[in-house]
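Dropping input24.txt in here (compact mmCIF, N, CA and C atoms):
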# COMPACT_ATOMS: atom_id res chain seq x y z
N MET A 1 80.01 88.89 89.63
CA MET A 1 81.01 88.80 90.67
C MET A 1 81.12 90.16 91.37
N ILE A 2 81.19 90.11 92.66
CA ILE A 2 81.37 91.33 93.45
C ILE A 2 82.86 91.64 93.50
N ASP A 3 83.24 92.78 92.96
CA ASP A 3 84.66 93.18 92.93
C ASP A 3 84.75 94.67 93.20
N VAL A 4 85.23 95.01 94.38
CA VAL A 4 85.28 96.41 94.80
C VAL A 4 86.66 97.03 94.62
N SER A 5 87.57 96.34 93.97
CA SER A 5 88.96 96.81 93.89
C SER A 5 89.08 98.19 93.23
N ASN A 6 88.35 98.43 92.16
CA ASN A 6 88.43 99.74 91.49
C ASN A 6 87.86 100.85 92.37
N ARG A 7 86.75 100.58 93.07
CA ARG A 7 86.16 101.58 93.95
C ARG A 7 87.12 101.92 95.09
N VAL A 8 87.72 100.89 95.69
CA VAL A 8 88.65 101.12 96.80
C VAL A 8 89.87 101.91 96.32
N ARG A 9 90.44 101.50 95.19
CA ARG A 9 91.62 102.20 94.65
C ARG A 9 91.28 103.66 94.35
N GLY A 10 90.13 103.90 93.74
CA GLY A 10 89.71 105.27 93.45
C GLY A 10 89.51 106.10 94.70
N ASN A 11 88.92 105.50 95.72
CA ASN A 11 88.71 106.21 96.98
C ASN A 11 90.02 106.54 97.67
N VAL A 12 90.94 105.59 97.70
CA VAL A 12 92.25 105.86 98.31
C VAL A 12 92.96 106.98 97.54
N LYS A 13 92.90 106.90 96.21
CA LYS A 13 93.55 107.94 95.38
C LYS A 13 92.96 109.31 95.70
N THR A 14 91.65 109.40 95.79
CA THR A 14 90.99 110.67 96.11
C THR A 14 91.41 111.16 97.49
N TYR A 15 91.44 110.27 98.45
CA TYR A 15 91.69 110.65 99.84
C TYR A 15 93.12 111.13 100.08
N ILE A 16 94.10 110.52 99.36
CA ILE A 16 95.50 110.87 99.60
C ILE A 16 96.07 111.82 98.54
N SER A 17 95.22 112.32 97.66
CA SER A 17 95.70 113.11 96.52
C SER A 17 96.48 114.36 96.91
N ASP A 18 96.28 114.87 98.11
CA ASP A 18 97.01 116.06 98.54
C ASP A 18 98.47 115.76 98.88
N ILE A 19 98.79 114.49 99.16
CA ILE A 19 100.18 114.15 99.52
C ILE A 19 100.82 113.12 98.59
N CYS A 20 100.02 112.51 97.71
CA CYS A 20 100.57 111.52 96.77
C CYS A 20 99.67 111.44 95.54
N GLN A 21 100.25 111.60 94.37
CA GLN A 21 99.49 111.60 93.11
C GLN A 21 99.47 110.25 92.40
N THR A 22 100.49 109.41 92.63
CA THR A 22 100.61 108.16 91.89
C THR A 22 100.00 107.02 92.67
N VAL A 23 98.88 106.48 92.16
CA VAL A 23 98.23 105.32 92.76
C VAL A 23 98.07 104.29 91.65
N GLN A 24 98.58 103.08 91.91
CA GLN A 24 98.57 102.02 90.90
C GLN A 24 97.98 100.75 91.48
N ASN A 25 97.83 99.72 90.64
CA ASN A 25 97.27 98.46 91.11
C ASN A 25 98.27 97.32 91.00
N LYS A 26 99.54 97.63 91.02
CA LYS A 26 100.57 96.60 90.96
C LYS A 26 101.61 96.87 92.03
N ASN A 27 102.28 95.81 92.46
CA ASN A 27 103.26 95.92 93.54
C ASN A 27 104.68 96.16 93.04
N LYS A 28 104.84 96.48 91.78
CA LYS A 28 106.17 96.75 91.24
C LYS A 28 106.66 98.12 91.69
N THR A 29 107.97 98.26 91.75
CA THR A 29 108.55 99.55 92.09
C THR A 29 108.11 100.57 91.04
N PRO A 30 107.55 101.68 91.45
CA PRO A 30 107.01 102.67 90.50
C PRO A 30 108.12 103.46 89.81
N THR A 31 107.74 104.18 88.77
CA THR A 31 108.69 105.03 88.06
C THR A 31 108.73 106.44 88.61
N SER A 32 107.71 106.85 89.37
CA SER A 32 107.71 108.17 90.00
C SER A 32 107.35 108.01 91.48
N PHE A 33 107.85 108.93 92.28
CA PHE A 33 107.68 108.83 93.74
C PHE A 33 107.09 110.11 94.30
N PRO A 34 106.43 110.05 95.43
CA PRO A 34 105.98 108.85 96.11
C PRO A 34 104.87 108.16 95.32
N ALA A 35 104.64 106.89 95.65
CA ALA A 35 103.62 106.13 94.94
C ALA A 35 102.94 105.16 95.89
N VAL A 36 101.72 104.80 95.55
CA VAL A 36 100.94 103.87 96.35
C VAL A 36 100.41 102.77 95.44
N SER A 37 100.49 101.54 95.92
CA SER A 37 99.89 100.40 95.25
C SER A 37 98.70 99.95 96.08
N VAL A 38 97.54 99.85 95.44
CA VAL A 38 96.32 99.36 96.10
C VAL A 38 95.87 98.14 95.31
N LYS A 39 96.04 96.97 95.91
CA LYS A 39 95.77 95.73 95.18
C LYS A 39 94.88 94.81 96.01
N GLN A 40 93.85 94.28 95.37
CA GLN A 40 93.00 93.29 96.02
C GLN A 40 93.72 91.95 95.95
N ILE A 41 94.00 91.34 97.10
CA ILE A 41 94.76 90.08 97.10
C ILE A 41 93.87 88.87 97.40
N ASP A 42 92.62 89.11 97.80
CA ASP A 42 91.66 88.02 97.97
C ASP A 42 90.26 88.59 97.83
N ASN A 43 89.38 87.78 97.28
CA ASN A 43 87.99 88.19 97.06
C ASN A 43 87.11 86.95 97.12
N SER A 44 87.30 86.15 98.17
CA SER A 44 86.63 84.86 98.26
C SER A 44 85.17 84.99 98.70
N ASP A 45 84.36 84.01 98.28
CA ASP A 45 82.94 83.97 98.66
C ASP A 45 82.78 83.85 100.16
N VAL A 46 81.79 84.55 100.68
CA VAL A 46 81.40 84.42 102.07
C VAL A 46 79.97 83.90 102.15
N ALA A 47 79.15 84.30 101.18
CA ALA A 47 77.75 83.87 101.18
C ALA A 47 77.28 83.68 99.74
N VAL A 48 76.64 82.54 99.50
CA VAL A 48 76.01 82.27 98.21
C VAL A 48 74.58 81.83 98.48
N ASP A 49 73.71 82.01 97.48
CA ASP A 49 72.31 81.59 97.66
C ASP A 49 72.12 80.16 97.15
N LEU A 50 70.90 79.70 97.15
CA LEU A 50 70.61 78.33 96.75
C LEU A 50 70.90 78.06 95.27
N GLU A 51 71.00 79.10 94.48
CA GLU A 51 71.34 78.95 93.07
C GLU A 51 72.83 79.16 92.82
N ASN A 52 73.60 79.20 93.90
CA ASN A 52 75.05 79.37 93.86
C ASN A 52 75.48 80.73 93.33
N SER A 53 74.63 81.74 93.49
CA SER A 53 75.00 83.10 93.13
C SER A 53 75.70 83.76 94.31
N GLU A 54 76.71 84.52 93.99
CA GLU A 54 77.51 85.19 95.01
C GLU A 54 76.70 86.31 95.66
N ASN A 55 76.61 86.30 96.99
CA ASN A 55 75.89 87.34 97.72
C ASN A 55 76.81 88.23 98.54
N ALA A 56 77.99 87.73 98.91
CA ALA A 56 78.95 88.51 99.68
C ALA A 56 80.33 87.90 99.52
N VAL A 57 81.34 88.77 99.60
CA VAL A 57 82.74 88.33 99.49
C VAL A 57 83.56 88.93 100.63
N ARG A 58 84.67 88.29 100.91
CA ARG A 58 85.64 88.85 101.86
C ARG A 58 86.71 89.54 101.02
N SER A 59 86.67 90.84 101.02
CA SER A 59 87.62 91.65 100.25
C SER A 59 88.87 91.89 101.10
N VAL A 60 90.01 91.49 100.58
CA VAL A 60 91.28 91.72 101.25
C VAL A 60 92.12 92.61 100.35
N ILE A 61 92.49 93.77 100.87
CA ILE A 61 93.23 94.78 100.10
C ILE A 61 94.61 94.96 100.72
N GLU A 62 95.62 94.99 99.87
CA GLU A 62 96.98 95.28 100.34
C GLU A 62 97.39 96.64 99.79
N ILE A 63 97.89 97.47 100.68
CA ILE A 63 98.39 98.79 100.28
C ILE A 63 99.88 98.84 100.55
N GLN A 64 100.63 99.25 99.53
CA GLN A 64 102.06 99.46 99.68
C GLN A 64 102.37 100.89 99.29
N VAL A 65 103.23 101.52 100.07
CA VAL A 65 103.65 102.89 99.79
C VAL A 65 105.14 102.87 99.50
N PHE A 66 105.53 103.57 98.44
CA PHE A 66 106.93 103.66 98.03
C PHE A 66 107.38 105.12 98.10
N SER A 67 108.54 105.35 98.71
CA SER A 67 109.11 106.69 98.76
C SER A 67 110.61 106.59 98.50
N ASN A 68 111.12 107.52 97.71
CA ASN A 68 112.57 107.58 97.52
C ASN A 68 113.17 108.71 98.35
N LYS A 69 112.33 109.33 99.19
CA LYS A 69 112.77 110.44 100.03
C LYS A 69 113.09 109.98 101.45
N SER A 70 112.09 109.39 102.14
CA SER A 70 112.32 109.00 103.53
C SER A 70 111.25 108.03 104.01
N LEU A 71 111.57 107.33 105.08
CA LEU A 71 110.61 106.46 105.72
C LEU A 71 109.49 107.29 106.33
N THR A 72 109.80 108.49 106.77
CA THR A 72 108.79 109.39 107.34
C THR A 72 107.72 109.72 106.31
N GLU A 73 108.13 110.00 105.08
CA GLU A 73 107.16 110.28 104.02
C GLU A 73 106.28 109.06 103.75
N ALA A 74 106.88 107.88 103.66
CA ALA A 74 106.11 106.66 103.41
C ALA A 74 105.12 106.40 104.54
N THR A 75 105.56 106.64 105.78
CA THR A 75 104.70 106.42 106.94
C THR A 75 103.52 107.39 106.94
N LYS A 76 103.76 108.64 106.62
CA LYS A 76 102.69 109.65 106.57
C LYS A 76 101.63 109.25 105.54
N ILE A 77 102.08 108.79 104.39
CA ILE A 77 101.15 108.42 103.33
C ILE A 77 100.35 107.18 103.72
N ILE A 78 101.02 106.16 104.27
CA ILE A 78 100.27 104.94 104.61
C ILE A 78 99.30 105.19 105.75
N HIS A 79 99.64 106.08 106.66
CA HIS A 79 98.69 106.40 107.73
C HIS A 79 97.43 107.04 107.16
N LYS A 80 97.59 107.90 106.18
CA LYS A 80 96.42 108.54 105.56
C LYS A 80 95.62 107.51 104.76
N ALA A 81 96.31 106.61 104.07
CA ALA A 81 95.62 105.54 103.34
C ALA A 81 94.86 104.64 104.30
N CYS A 82 95.44 104.37 105.47
CA CYS A 82 94.75 103.57 106.50
C CYS A 82 93.47 104.27 106.95
N ASP A 83 93.51 105.58 107.08
CA ASP A 83 92.31 106.35 107.44
C ASP A 83 91.22 106.17 106.39
N ALA A 84 91.60 106.20 105.12
CA ALA A 84 90.63 106.02 104.03
C ALA A 84 90.00 104.63 104.10
N MET A 85 90.80 103.63 104.37
CA MET A 85 90.28 102.27 104.46
C MET A 85 89.31 102.14 105.62
N ARG A 86 89.62 102.76 106.74
CA ARG A 86 88.74 102.72 107.91
C ARG A 86 87.39 103.37 107.59
N ILE A 87 87.43 104.49 106.86
CA ILE A 87 86.18 105.17 106.46
C ILE A 87 85.32 104.24 105.61
N MET A 88 85.96 103.39 104.79
CA MET A 88 85.23 102.46 103.93
C MET A 88 84.79 101.20 104.68
N GLY A 89 85.08 101.12 105.97
CA GLY A 89 84.62 99.98 106.76
C GLY A 89 85.59 98.81 106.83
N TYR A 90 86.79 98.98 106.34
CA TYR A 90 87.80 97.92 106.40
C TYR A 90 88.49 97.94 107.76
N GLU A 91 88.88 96.76 108.21
CA GLU A 91 89.72 96.67 109.41
C GLU A 91 91.12 96.26 108.97
N ARG A 92 92.10 96.84 109.62
CA ARG A 92 93.49 96.52 109.30
C ARG A 92 93.87 95.24 110.04
N ASN A 93 94.38 94.26 109.31
CA ASN A 93 94.79 93.02 109.96
C ASN A 93 96.28 92.72 109.78
N TYR A 94 97.01 93.67 109.20
CA TYR A 94 98.47 93.54 109.09
C TYR A 94 99.06 94.94 108.88
N GLY A 95 100.09 95.23 109.64
CA GLY A 95 100.82 96.46 109.45
C GLY A 95 100.13 97.68 110.05
N PRO A 96 100.56 98.85 109.64
CA PRO A 96 101.59 99.08 108.63
C PRO A 96 102.98 98.75 109.17
N THR A 97 103.76 98.18 108.30
CA THR A 97 105.12 97.79 108.66
C THR A 97 106.07 98.09 107.51
N GLU A 98 107.30 98.35 107.86
CA GLU A 98 108.32 98.62 106.84
C GLU A 98 108.76 97.31 106.23
N ILE A 99 108.89 97.31 104.92
CA ILE A 99 109.39 96.16 104.17
C ILE A 99 110.65 96.63 103.45
N LYS A 100 111.73 95.91 103.60
CA LYS A 100 112.96 96.27 102.90
C LYS A 100 112.77 96.01 101.41
N ASN A 101 113.14 96.97 100.61
CA ASN A 101 113.03 96.84 99.17
C ASN A 101 114.31 96.19 98.65
N ALA A 102 114.23 94.92 98.30
CA ALA A 102 115.41 94.15 97.91
C ALA A 102 116.07 94.67 96.64
N SER A 103 115.27 95.15 95.69
CA SER A 103 115.85 95.59 94.42
C SER A 103 116.56 96.93 94.52
N ASP A 104 116.16 97.78 95.48
CA ASP A 104 116.80 99.08 95.65
C ASP A 104 116.61 99.54 97.09
N THR A 105 117.67 99.47 97.88
CA THR A 105 117.58 99.81 99.30
C THR A 105 117.41 101.31 99.54
N ASN A 106 117.47 102.13 98.51
CA ASN A 106 117.23 103.57 98.64
C ASN A 106 115.75 103.92 98.53
N ILE A 107 114.92 102.91 98.33
CA ILE A 107 113.48 103.12 98.25
C ILE A 107 112.86 102.59 99.54
N TYR A 108 112.08 103.44 100.20
CA TYR A 108 111.42 103.08 101.45
C TYR A 108 110.02 102.56 101.12
N ARG A 109 109.63 101.47 101.80
CA ARG A 109 108.35 100.84 101.48
C ARG A 109 107.63 100.45 102.76
N MET A 110 106.36 100.79 102.83
CA MET A 110 105.49 100.41 103.94
C MET A 110 104.33 99.60 103.39
N THR A 111 103.88 98.60 104.15
CA THR A 111 102.80 97.73 103.71
C THR A 111 101.76 97.56 104.81
N ALA A 112 100.49 97.50 104.41
CA ALA A 112 99.39 97.20 105.33
C ALA A 112 98.34 96.40 104.56
N ARG A 113 97.60 95.56 105.28
CA ARG A 113 96.52 94.78 104.68
C ARG A 113 95.23 95.02 105.46
N PHE A 114 94.13 94.96 104.72
CA PHE A 114 92.81 95.27 105.26
C PHE A 114 91.81 94.25 104.77
N ARG A 115 90.74 94.06 105.55
CA ARG A 115 89.69 93.13 105.11
C ARG A 115 88.32 93.60 105.58
N ARG A 116 87.33 93.19 104.83
CA ARG A 116 85.93 93.40 105.21
C ARG A 116 85.04 92.56 104.33
N ILE A 117 83.85 92.33 104.77
CA ILE A 117 82.87 91.61 103.98
C ILE A 117 82.04 92.64 103.24
N VAL A 118 81.83 92.38 101.94
CA VAL A 118 81.12 93.31 101.06
C VAL A 118 80.04 92.55 100.31
N SER A 119 78.85 93.15 100.24
CA SER A 119 77.76 92.50 99.50
C SER A 119 77.52 93.13 98.12
N SER A 120 78.03 94.34 97.90
CA SER A 120 77.92 94.96 96.58
C SER A 120 78.91 96.13 96.49
N VAL A 121 79.24 96.51 95.27
CA VAL A 121 80.16 97.64 95.07
C VAL A 121 79.57 98.90 95.67
N ASN A 122 78.26 99.08 95.53
CA ASN A 122 77.60 100.29 96.03
C ASN A 122 77.56 100.37 97.55
N GLU A 123 77.90 99.28 98.21
CA GLU A 123 77.96 99.29 99.67
C GLU A 123 79.10 100.19 100.15
N ILE A 124 80.12 100.36 99.31
CA ILE A 124 81.23 101.25 99.63
C ILE A 124 80.98 102.57 98.90
N GLU A 125 80.71 103.59 99.68
CA GLU A 125 80.38 104.89 99.11
C GLU A 125 81.59 105.48 98.37
N LYS A 126 81.33 106.07 97.22
CA LYS A 126 82.39 106.69 96.44
C LYS A 126 82.78 108.02 97.07
N PHE A 127 84.09 108.21 97.25
CA PHE A 127 84.59 109.49 97.79
C PHE A 127 84.54 110.53 96.68
N VAL A 128 84.16 111.74 97.04
CA VAL A 128 84.18 112.84 96.07
C VAL A 128 85.13 113.92 96.58
N THR A 129 85.81 114.55 95.65
CA THR A 129 86.74 115.61 96.02
C THR A 129 85.98 116.91 96.12
N GLU A 130 86.42 117.74 97.03
CA GLU A 130 85.82 119.06 97.16
C GLU A 130 86.56 120.02 96.25
N LYS A 131 85.84 120.66 95.38
CA LYS A 131 86.43 121.65 94.47
C LYS A 131 86.43 123.01 95.16
N VAL A 132 87.59 123.62 95.25
CA VAL A 132 87.69 124.92 95.92
C VAL A 132 87.84 126.01 94.89
Output the file's structure as structure tokens, nothing else.
Amino acid sequence: MIDVSNRVRGNVKTYISDICQTVQNKNKTPTSFPAVSVKQIDNSDVAVDLENSENAVRSVIEIQVFSNKSLTEATKIIHKACDAMRIMGYERNYGPTEIKNASDTNIYRMTARFRRIVSSVNEIEKFVTEKV
């Protein structure tokens, strides 16, 4: 099965590490802030061969940013995460938009969704950090 969720999450974490350290794969309110959730919400087949082997999938990734400081902080982080997704070839098809956090209105949350067709994990290049 083609599943790029770990590669995408790792790349987003690398790309935004200067402004956010906490990157998770669940949409629950985090224990530390700011935090980002990178979750694959669909991974359906797009192409199979005559033996019914998967050749390509439509990867749909949802990113949520949580901040207990300000909407400005959440917006800055999601914009940078959007840049990372664009570098990986994803197109944004929802958001970024503010979502009211029902469980705690003092937490600011932004959400965006992205999609692209992927034929293998290696099709998405791994981001590397520059050591200074």
For range 2-5 of chain A, find every residue with an atom within 8 Å (counting all atoms listed in the file), except residues of its own chain fewer than 2 positions away, and show them as a CSV table (one decimal) with N, CA and C atoms, keeping the file's coordinate frame.
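Contents of around_0.csv, freshly written:
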chain,number,residue,atom,x,y,z
A,7,ARG,N,86.8,100.6,93.1
A,7,ARG,CA,86.2,101.6,94.0
A,7,ARG,C,87.1,101.9,95.1
A,8,VAL,N,87.7,100.9,95.7
A,8,VAL,CA,88.6,101.1,96.8
A,8,VAL,C,89.9,101.9,96.3
A,9,ARG,N,90.4,101.5,95.2
A,9,ARG,CA,91.6,102.2,94.6
A,9,ARG,C,91.3,103.7,94.4
A,10,GLY,N,90.1,103.9,93.7
A,10,GLY,CA,89.7,105.3,93.4
A,10,GLY,C,89.5,106.1,94.7
A,11,ASN,N,88.9,105.5,95.7
A,11,ASN,CA,88.7,106.2,97.0
A,11,ASN,C,90.0,106.5,97.7
A,38,VAL,N,97.5,99.8,95.4
A,38,VAL,CA,96.3,99.4,96.1
A,38,VAL,C,95.9,98.1,95.3
A,39,LYS,N,96.0,97.0,95.9
A,39,LYS,CA,95.8,95.7,95.2
A,39,LYS,C,94.9,94.8,96.0
A,40,GLN,N,93.8,94.3,95.4
A,40,GLN,CA,93.0,93.3,96.0
A,40,GLN,C,93.7,92.0,96.0
A,43,ASN,N,89.4,87.8,97.3
A,43,ASN,CA,88.0,88.2,97.1
A,43,ASN,C,87.1,87.0,97.1
A,54,GLU,N,76.7,84.5,94.0
A,54,GLU,CA,77.5,85.2,95.0
A,54,GLU,C,76.7,86.3,95.7
A,55,ASN,N,76.6,86.3,97.0
A,55,ASN,CA,75.9,87.3,97.7
A,55,ASN,C,76.8,88.2,98.5
A,56,ALA,N,78.0,87.7,98.9
A,56,ALA,CA,79.0,88.5,99.7
A,56,ALA,C,80.3,87.9,99.5
A,57,VAL,N,81.3,88.8,99.6
A,57,VAL,CA,82.7,88.3,99.5
A,57,VAL,C,83.6,88.9,100.6
A,59,SER,N,86.7,90.8,101.0
A,59,SER,CA,87.6,91.6,100.2
A,59,SER,C,88.9,91.9,101.1
A,61,ILE,N,92.5,93.8,100.9
A,61,ILE,CA,93.2,94.8,100.1
A,61,ILE,C,94.6,95.0,100.7
A,118,VAL,N,81.8,92.4,101.9
A,118,VAL,CA,81.1,93.3,101.1
A,118,VAL,C,80.0,92.6,100.3
A,119,SER,N,78.8,93.2,100.2
A,119,SER,CA,77.8,92.5,99.5
A,119,SER,C,77.5,93.1,98.1
A,120,SER,N,78.0,94.3,97.9
A,120,SER,CA,77.9,95.0,96.6
A,120,SER,C,78.9,96.1,96.5
A,121,VAL,N,79.2,96.5,95.3
A,121,VAL,CA,80.2,97.6,95.1
A,121,VAL,C,79.6,98.9,95.7
A,122,ASN,N,78.3,99.1,95.5
A,122,ASN,CA,77.6,100.3,96.0
A,122,ASN,C,77.6,100.4,97.6
A,124,ILE,N,80.1,100.4,99.3
A,124,ILE,CA,81.2,101.2,99.6
A,124,ILE,C,81.0,102.6,98.9
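The residue set within 7 Å of Thr111 in chain A, counting all atoms listed in the file and dropping same-chain residues fewer than 6 places from it, reads Glu62, Ile63, Gln64, Val65, Tyr94, Gly95, Pro96, Thr97, Glu98 and Ile99 of chain A.
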Once 8 Å is added on each side, what centre and edge lengths in Å to one decimal does the axis-aligned box around all listed atoms of range 51-64 of chain A have, as AutoDock Vina command-line options?
--center_x 86.7 --center_y 89.9 --center_z 97.3 --size_x 47.4 --size_y 37.9 --size_z 25.0
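Take atom N of Asp42 in chain A and atom N of Val60 in chain A: the distance between them is 4.5 Å.
Proximity of A:Phe114, A:Phe66, A:Tyr108, A:Tyr15 to Lys28 in chain A, computed with only C-alpha atoms, is greatest for A:Phe66.
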Requested in this report: Identify all residues of chain A in alpha helix (DSSP H) (DSSP on the backbone) and supply them as a PyMOL selection string.
Outcome: chain A and resi 5-16+71-87
